[in-house]
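Everything on this sheet refers to the single structure shown next.
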Amino acid sequence: MNNFIKYLIVSTLAIYSLSACEDVIQVDVPKNEEKLVVDAQLNDGGGVQNIKLMVSQAYFDNKMPPPAIGAVVEVIDNEGNRFEFVQKLDSLNKPTINYEIIPNTGNKFGKIGNIYTLSIKYNGETYTSTTKLNRVPAIDSLIYVFKDNSDNLGGEEDEPKKGFRPEFFARDLMGIGDCYYIKGYRYDKEKKKWELEREEPAYDAAFQPGARADGLVFILPLRRAIGSQLFNEGDSSRVELYSVSQAHFDFLRAAENEENNQGLFATPPATFPTNILNANSSSKKKALGWFSVSGLSKMTVVIDPKLARKDTD
Amino acid sequence: MNFVKISVIIFLSQLSFSISAQNDKTTISGYIKDIKNGEGLIGVSVYIKELGTGNTTNSYGFYSVTVPQGKYNLVFSYVGYNKVVQEITAISDAVNFNLEMLEEGTALQEVIVSAKREDDNVKSIEMSFNKISMKTIQKMPALLGEVDLVRSIQLLPGVSTIGEGSSGFNVRGGGVDQNLVLLDEAPVYNSSHLFGFFSVFNPDAVKDVKLIKGGIPAQYGGRISSILDVKMKEGNSKKLEVNGGIGVIFSRISLEAPLFKNKASFIVAARRSYIDVLAKPFLKGDIKDSKFNFYDLTAKFNYKISEKDVVFISGYFGRDVFGSQFGFNWGNSTTSLRWNHVFNNKLFLNTTAYYSNYEYQLGTNLRNNGKDSFEWNSNIISYSFKPDFTYYISPNNSLTFGGQAIYYTFKPGLAVATSAGETRTFGQADKFASEISAYIGNELKISPSFSMQYGLRYSNFDYLGEGYAYEFAPYIYKENENAQRRSMVNFKKYKSGQSIKRYGNWEPRFSANLQINSSSSLKLSYNRTAQYLHLMSNTAASTPLDIWTPSTNNIKPQIADQVAFGVFKNFGENLNDYETSVEVYYKKLQNQIDYIDNSDLFLNEYFEGDLLFGKGRAYGAEFYVKKNTGKFNGWVSYTLSRTERQVQGVNANKWFPSRFDRTHVTNVVAMYDINKRWSFSGNFAFYTGVPFSFPRGKFVYGNFILPDNENSSRNDSRVINYHRLDLSATLQAKKGPFKKGSANWVFSVYNTYNRRNAFSVYFRQNPDDSTITEAVKLSIFGSVLPAVTYNFKF
């Protein structure tokens, strides 16, 4: 429900802004213990499958996260299919954080209902994690409406005041507890790649468990959680809907909350769960992060003013 | 329960003594009021010269002294009022003597720092309490010029706050939900407008404020840290009176007048913020329909039915409204009906029936044909009936007894969400509870130099159906691992009115005063208090959206035991020009609530699985020096204290300072009256910074940079020290508005030397470069805040 607290803060900003202020300060933080960090978000969408392996840093160490070098990484499914991941090198032949799947001809990665086990051998320890590839509904439509926000206060200075707001429609699958990760993208014509606009985890068709939103069309704030700024004519908008496990939903929701955990109503920094376990349970070496294999549905549109829907707000 | 036995024996022996001695005794009783406006005067000393003993008026201005038949000189004295000596011949069974006292006609309107008897601090049995008169509060520098009761009591010893912008206040290491805030006997669940910047009490309608921090008498119960007892004015029963003011934030108006040939009177007082009215023309686009205002309405009516019966009806209604496309509002409403009855000049009864409601609503104002919407309602409602008796056996012996029954309904949060035309309702189911208590207390002057007050309260709490009792998986502690969510493993449904869980607590109360000489005394007190309602809040500052929840089968009542010891000494020509005290206290707290990481307290039926329970302790020393008289007066208070919690699964099970722990708290309040027209005041505050927690390490996942907090400790770092100086000047205008009455201008400056005091420190990804993590200090006020207020009265 931190979203509501966010609204609360935004609404009173008018009054606070007269005087409230934030200063970046220096805090002495003792050094942390270095741990293996796993960012393994795989899917059945057929694209390049990539696992990021890093080493955790001290909180105010603002260098790029260092790669975990020389790990042996593989994923095995319950049908016995093996997928090996190898560390990518950069242009200077230095190891990067990215481990990519070795193309395995005739063996498409990802099948709904299968169980996947990740195994990482790193610095003499073996870390493992198991997850299931859950079902995901199809996206019914991706629409957009024209908005004129010229009179609105706030927002970024370079933010377009007129343009198109995308909204997708999909219906949660029947049965309580389907969880999703919704990601919205815009195509960057200069960089020639899809740039993430927004991402939001969902439990059934709503923000959290207990919302009794099973089997509904995704609720309005989620349907619109795919663009942060208005789109122009000719821009491309994409929505990707990933199925995730309930435990992964909790992790993602906690991460979202932590990102917004600021200001007057901040809570103490949280500890994050992980599904990466050291195979040797008596070892003191631990890992952070998450391993997931998702079902993926996606839809892309090119904004055409003639096809824009009527704004009903 | 030896204590119970002893108190019952003492009580019975006192009672039999008083009955046997009845025939040759007489009782003098009556009401004491202000001659100017007919307001009952609280705490007037009634001293019988011949016997060297006496009594004081109660909160309704009633006194009663029972003496052997004879002729007596009664001395009525009250600070700031002319002393009255009255000869009374007491030969009949009962003498009724009412008195109206006149305020001292000092040329300079000197500030009266204390509304109580000047030597009360030494002579009374009570300790760990503070009274501030509204006159003092009105003279003190106020934030944006808005006279504020709650912010003023934060300058007293033993009281602190997390900072501007946090609701409520902390007393002797207790949480904000551990204060019982009473407005004419009805509890107020949220004492703040705008997240704690302003309190809900309209200064024009308040007559008397008393804060009890320790040695809590048996008649009070339900919260474990303190009682803030706010009494409203009764309304001028002599003539029409209008008070008003225009400030930076609020405009205020109040009206008081007599009714029915002075048998009755009323007061109606209203305040409203008006920044939204001024801002309206500038609001365009998506904030065109923005609402941001807060207002309150206070009203009271009293009617004197006979010499023996008076009834009072008081009401309060306040609201904060915010939002544009997504709106929310919250507020308290209370109504209390009271009946004072004097049975036989010795037995005084006040019966209170009240209704109190705190609620909030959130919702969207989208207009897309109602196909998509969201609404969230939450409230806590209490209904209570409460008879309180005082039996004035003799000037040296009085007995209080009574009881209270409260019925609560809780709507912790119910949301109605509509998506593409389909509507679902979710959240926490309504909860019900009852709290029934009975108490007896005895105040005894054993000798001229030794007096004591002791009592016992028993409270019974039932968590009632209709509802579910949930059972959660047991918490298994793992070393170096913070506690995790416990899943619901079993539940049982209970029918309407069925008791799901019952708790009962004996709450002994005791205080004693040993007078060393006429200007110094030693006091000792012990009290146990129990609390059955809890505010769920895991944020730095409590928010208006925080949820009140009853004790359940999973949440045990909070219990506090406090011992306090104090030395009181007065100095000066009049023996009480200077008032000083040193008090030390130790408090033990049971069943304190904490939360797991990533807890979900809102709209979560199984929120109890996210709660952790632990214990607390608080101890400290409070030093207080006050100058009561003269053109230059005020006080200095210093508190050295510590408040800590210990919770399984937090901070590796070790004790940690609570969120509002401040080692040093110093307040200086000074007032100076130059001449008839000008007076000045200032206050300076110095507090040790509040603690905060920080993450040790971090890791990257997707676009997030997340803290790695394993083995990290809670609240082991502190924000910088807080200090602030406020100043104000009051100018009496030559004439009031429309050439009638009187008026004044108050010029005030808050945060005079522009210090950016830290409210909290939090950690974030830099908004411009999200790969960078940084620590941010949040200051609520980053500037000097000057203000002008115009007040009038006619």
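Chain labels A, B, ... are given in the sequence in which chains occur in the structure tokens; within each chain residues are numbered consecutively from 1, and ligands are likewise numbered from 1 in the order shown.
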Which residues of chain B sit at most 7 Å from chain A, using only C-alpha atoms? Give each one's shortest atom pair and distance in Å (one decimal place), in chain and ascending residue order, as a tab-separated table.
```
residue	atom	partner	partner_atom	distance
B:Lys284	CA	A:Asp151	CA	5.5
B:Gly285	CA	A:Asp151	CA	4.1
B:Asp286	CA	A:Asn152	CA	5.2
B:Ile287	CA	A:Asn152	CA	6.8
B:Phe322	CA	A:Ser11	CA	6.6
B:Gly323	CA	A:Ser11	CA	5.6
B:Leu366	CA	A:Asp313	CA	6.0
B:Arg367	CA	A:Asp313	CA	5.2
B:Asn368	CA	A:Asp313	CA	4.7
B:Asp372	CA	A:Leu220	CA	6.4
B:Ser419	CA	A:Ile219	CA	4.9
B:Ala420	CA	A:Val217	CA	6.6
B:Arg424	CA	A:Arg212	CA	6.4
B:Phe426	CA	A:Ala211	CA	5.5
B:Gly427	CA	A:Gly210	CA	6.8
B:Asn538	CA	A:Thr267	CA	6.1
B:Thr539	CA	A:Thr267	CA	4.6
B:Ala540	CA	A:Phe265	CA	5.2
B:Ala541	CA	A:Phe265	CA	5.5
B:Asp597	CA	A:Ala270	CA	5.0
B:Asn598	CA	A:Ala254	CA	5.9
B:Phe602	CA	A:Met1	CA	6.3
B:Asn604	CA	A:Gly210	CA	6.3
B:Ser693	CA	A:Pro268	CA	6.0
B:Phe694	CA	A:Pro269	CA	6.6
B:Pro695	CA	A:Pro269	CA	6.5
B:Arg696	CA	A:Asn32	CA	5.4
B:Gly697	CA	A:Ala58	CA	4.3
B:Lys698	CA	A:Tyr59	CA	5.0
B:Phe699	CA	A:Ser56	CA	4.9
B:Tyr701	CA	A:Asp39	CA	5.5
B:Gly702	CA	A:Asp39	CA	6.9
B:Phe704	CA	A:Ala255	CA	6.9
B:Leu706	CA	A:Ala255	CA	6.9
B:Pro707	CA	A:Pro269	CA	7.0
B:Asp708	CA	A:Thr271	CA	6.2
B:Asn709	CA	A:Thr271	CA	5.1
B:Glu710	CA	A:Thr271	CA	6.5
B:Tyr762	CA	A:Gln262	CA	6.0
B:Arg764	CA	A:Glu259	CA	6.9
B:Ile772	CA	A:Asn62	CA	5.4
B:Thr773	CA	A:Phe60	CA	6.1
B:Glu774	CA	A:Phe60	CA	6.5
B:Ala775	CA	A:Ile25	CA	5.7
B:Val776	CA	A:Val24	CA	4.4
B:Lys777	CA	A:Asp23	CA	5.2
B:Leu778	CA	A:Glu22	CA	4.6
B:Ser779	CA	A:Cys21	CA	5.3
B:Ile780	CA	A:Ala20	CA	4.3
B:Phe781	CA	A:Ala20	CA	4.9
B:Gly782	CA	A:Ser19	CA	5.0
B:Ser783	CA	A:Ser19	CA	5.8
```
Exercise: Asn123 of chain A partners within 10 Å, only C-alpha atoms, chain neighbours under 5 positions left out, as a PyMOL selection string: chain A and resi 36+68-72+285
Store the residues picked out above in a file with C-alpha atoms, as a short mmCIF file (atom, residue, chain, number, x, y, z; two decimals), in the first residue's frame.
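Result file out.cif:
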```cif
data_model
loop_
_atom_site.label_atom_id
_atom_site.label_comp_id
_atom_site.auth_asym_id
_atom_site.auth_seq_id
_atom_site.Cartn_x
_atom_site.Cartn_y
_atom_site.Cartn_z
CA LEU A 36 27.44 -13.47 -4.98
CA ALA A 68 31.60 -12.55 -10.58
CA ILE A 69 34.42 -14.02 -12.66
CA GLY A 70 34.76 -17.61 -13.77
CA ALA A 71 31.49 -19.05 -12.59
CA VAL A 72 30.17 -22.27 -14.13
CA LYS A 285 29.04 -17.97 1.99
#
```
Close residues, Val136 of chain A itself excluded, 9 Å, only C-alpha atoms, min 4 positions apart in chain, as a compact mmCIF listing (two decimals) with N, CA and C atoms, in the first residue's frame:
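Wrote it out as result.txt, contents follow:
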```
# COMPACT_ATOMS: atom_id res chain seq x y z
N ILE A 112 5.92 -24.01 -20.53
CA ILE A 112 5.06 -23.74 -19.39
C ILE A 112 4.80 -25.02 -18.59
N ASP A 172 -6.60 -11.53 -16.00
CA ASP A 172 -5.93 -12.49 -15.13
C ASP A 172 -6.57 -13.86 -15.30
N LEU A 173 -5.74 -14.91 -15.27
CA LEU A 173 -6.28 -16.27 -15.41
C LEU A 173 -7.03 -16.66 -14.15
N ASP A 178 -2.07 -16.20 -9.27
CA ASP A 178 -1.21 -15.98 -10.43
C ASP A 178 -0.51 -14.64 -10.23
N CYS A 179 0.80 -14.63 -10.41
CA CYS A 179 1.54 -13.38 -10.24
C CYS A 179 2.25 -13.00 -11.52
N TYR A 180 2.40 -11.72 -11.73
CA TYR A 180 2.96 -11.23 -12.99
C TYR A 180 3.93 -10.10 -12.75
N LEU A 241 4.26 -9.00 -20.50
CA LEU A 241 3.63 -9.54 -19.30
C LEU A 241 4.33 -10.86 -18.97
N TYR A 242 5.03 -10.89 -17.83
CA TYR A 242 5.79 -12.08 -17.42
C TYR A 242 5.06 -12.78 -16.29
N SER A 243 4.98 -14.10 -16.35
CA SER A 243 4.45 -14.82 -15.19
C SER A 243 5.60 -14.98 -14.18
N VAL A 244 5.30 -14.78 -12.90
CA VAL A 244 6.32 -14.99 -11.86
C VAL A 244 5.69 -15.81 -10.73
N SER A 294 10.04 -17.23 -16.66
CA SER A 294 8.69 -16.71 -16.85
C SER A 294 8.10 -17.09 -18.19
N GLY A 295 6.77 -17.20 -18.18
CA GLY A 295 6.05 -17.22 -19.45
C GLY A 295 5.92 -15.77 -19.89
N LEU A 296 6.01 -15.51 -21.19
CA LEU A 296 6.00 -14.13 -21.66
C LEU A 296 4.92 -13.92 -22.72
N SER A 297 4.07 -12.89 -22.51
CA SER A 297 3.15 -12.42 -23.55
C SER A 297 3.52 -10.99 -23.85
```
Residue neighbourhood segment 259-275 of chain B, 7 Å, only C-alpha atoms, exclusion window fewer than 6 positions, as a list in words: Ala205, Glu234, Gly235, Asn236, Ser237, Lys238, Ile249, Phe250, Ser251, Arg252, Ile253, Asn293, Phe294, Tyr295, Asp296, Leu297, Thr298, Ala299, Lys300, Phe301, Asn302, Tyr303 and Lys304 of chain B
Between atom CA of Asn275 of chain A and atom CA of Met536 of chain B, distance in Å (one decimal):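 It comes out at 29.6 Å.
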In segment 83-246 of chain B, DSSP strand (DSSP E or B) residues written as number ranges by chain: B: 84-90, 94-96, 99-101, 103, 129-133, 159-160, 170-171, 179-183, 186-187, 192-193, 198-199, 206-212, 226-232, 241-246
Alpha helix (DSSP H) residues, from DSSP on the backbone, in segment 8-255 of chain A, as an MDAnalysis selection string: chainID A and resid 8:16 220:223 246:255
Writing out the chosen residues with N, CA, C and O atoms as an mmCIF file, in the first residue's frame:
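See result12.cif below for the written result:
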```cif
data_model
loop_
_atom_site.group_PDB
_atom_site.id
_atom_site.type_symbol
_atom_site.label_atom_id
_atom_site.label_comp_id
_atom_site.auth_asym_id
_atom_site.auth_seq_id
_atom_site.Cartn_x
_atom_site.Cartn_y
_atom_site.Cartn_z
ATOM 1 N N LEU A 8 -0.073 10.333 -0.782
ATOM 2 C CA LEU A 8 -0.188 11.204 0.381
ATOM 3 C C LEU A 8 0.912 12.248 0.360
ATOM 4 O O LEU A 8 0.687 13.441 0.577
ATOM 5 N N ILE A 9 2.116 11.780 0.057
ATOM 6 C CA ILE A 9 3.258 12.693 0.069
ATOM 7 C C ILE A 9 3.119 13.689 -1.077
ATOM 8 O O ILE A 9 3.299 14.888 -0.890
ATOM 9 N N VAL A 10 2.741 13.170 -2.240
ATOM 10 C CA VAL A 10 2.619 14.040 -3.407
ATOM 11 C C VAL A 10 1.599 15.140 -3.146
ATOM 12 O O VAL A 10 1.842 16.319 -3.393
ATOM 13 N N SER A 11 0.483 14.761 -2.545
ATOM 14 C CA SER A 11 -0.585 15.731 -2.351
ATOM 15 C C SER A 11 -0.212 16.840 -1.388
ATOM 16 O O SER A 11 -0.687 17.955 -1.486
ATOM 17 N N THR A 12 0.637 16.522 -0.431
ATOM 18 C CA THR A 12 0.982 17.563 0.540
ATOM 19 C C THR A 12 2.230 18.309 0.129
ATOM 20 O O THR A 12 2.621 19.275 0.763
ATOM 21 N N LEU A 13 2.816 17.855 -0.949
ATOM 22 C CA LEU A 13 4.045 18.480 -1.432
ATOM 23 C C LEU A 13 3.856 19.975 -1.610
ATOM 24 O O LEU A 13 4.742 20.774 -1.338
ATOM 25 N N ALA A 14 2.664 20.351 -2.064
ATOM 26 C CA ALA A 14 2.359 21.754 -2.296
ATOM 27 C C ALA A 14 2.683 22.572 -1.057
ATOM 28 O O ALA A 14 3.244 23.664 -1.141
ATOM 29 N N ILE A 15 2.347 22.009 0.097
ATOM 30 C CA ILE A 15 2.555 22.751 1.333
ATOM 31 C C ILE A 15 3.997 22.608 1.816
ATOM 32 O O ILE A 15 4.651 23.574 2.160
ATOM 33 N N TYR A 16 4.497 21.366 1.734
ATOM 34 C CA TYR A 16 5.861 21.151 2.186
ATOM 35 C C TYR A 16 6.869 21.930 1.364
ATOM 36 O O TYR A 16 7.850 22.433 1.877
ATOM 37 N N LEU A 220 -7.073 -0.583 -13.391
ATOM 38 C CA LEU A 220 -6.670 0.572 -14.184
ATOM 39 C C LEU A 220 -5.233 1.051 -13.951
ATOM 40 O O LEU A 220 -4.498 1.259 -14.914
ATOM 41 N N PRO A 221 -4.805 1.247 -12.684
ATOM 42 C CA PRO A 221 -3.425 1.731 -12.528
ATOM 43 C C PRO A 221 -2.386 0.769 -13.096
ATOM 44 O O PRO A 221 -1.338 1.206 -13.573
ATOM 45 N N LEU A 222 -2.678 -0.537 -13.104
ATOM 46 C CA LEU A 222 -1.738 -1.496 -13.700
ATOM 47 C C LEU A 222 -1.788 -1.430 -15.223
ATOM 48 O O LEU A 222 -0.766 -1.518 -15.893
ATOM 49 N N ARG A 223 -3.005 -1.241 -15.758
ATOM 50 C CA ARG A 223 -3.138 -1.181 -17.220
ATOM 51 C C ARG A 223 -2.334 -0.026 -17.797
ATOM 52 O O ARG A 223 -1.841 -0.069 -18.910
ATOM 53 N N GLN A 246 4.805 -16.645 -6.672
ATOM 54 C CA GLN A 246 4.360 -15.772 -5.581
ATOM 55 C C GLN A 246 5.537 -15.254 -4.764
ATOM 56 O O GLN A 246 5.545 -14.097 -4.343
ATOM 57 N N ALA A 247 6.541 -16.093 -4.564
ATOM 58 C CA ALA A 247 7.711 -15.655 -3.791
ATOM 59 C C ALA A 247 8.452 -14.555 -4.547
ATOM 60 O O ALA A 247 8.937 -13.590 -3.966
ATOM 61 N N HIS A 248 8.521 -14.704 -5.887
ATOM 62 C CA HIS A 248 9.176 -13.685 -6.699
ATOM 63 C C HIS A 248 8.367 -12.390 -6.679
ATOM 64 O O HIS A 248 8.912 -11.293 -6.646
ATOM 65 N N PHE A 249 7.041 -12.523 -6.668
ATOM 66 C CA PHE A 249 6.185 -11.333 -6.542
ATOM 67 C C PHE A 249 6.528 -10.585 -5.257
ATOM 68 O O PHE A 249 6.688 -9.363 -5.257
ATOM 69 N N ASP A 250 6.639 -11.322 -4.140
ATOM 70 C CA ASP A 250 6.973 -10.679 -2.864
ATOM 71 C C ASP A 250 8.297 -9.930 -2.958
ATOM 72 O O ASP A 250 8.439 -8.825 -2.449
ATOM 73 N N PHE A 251 9.255 -10.563 -3.620
ATOM 74 C CA PHE A 251 10.570 -9.945 -3.783
ATOM 75 C C PHE A 251 10.456 -8.658 -4.602
ATOM 76 O O PHE A 251 10.997 -7.614 -4.243
ATOM 77 N N LEU A 252 9.709 -8.739 -5.708
ATOM 78 C CA LEU A 252 9.582 -7.573 -6.599
ATOM 79 C C LEU A 252 8.809 -6.443 -5.917
ATOM 80 O O LEU A 252 9.146 -5.265 -6.039
ATOM 81 N N ARG A 253 7.754 -6.826 -5.181
ATOM 82 C CA ARG A 253 6.969 -5.811 -4.481
ATOM 83 C C ARG A 253 7.830 -5.114 -3.428
ATOM 84 O O ARG A 253 7.818 -3.893 -3.290
ATOM 85 N N ALA A 254 8.640 -5.921 -2.718
ATOM 86 C CA ALA A 254 9.530 -5.340 -1.706
ATOM 87 C C ALA A 254 10.531 -4.391 -2.364
ATOM 88 O O ALA A 254 10.844 -3.327 -1.832
ATOM 89 N N ALA A 255 11.012 -4.779 -3.561
ATOM 90 C CA ALA A 255 11.975 -3.929 -4.271
ATOM 91 C C ALA A 255 11.325 -2.611 -4.691
ATOM 92 O O ALA A 255 11.910 -1.541 -4.538
#
```
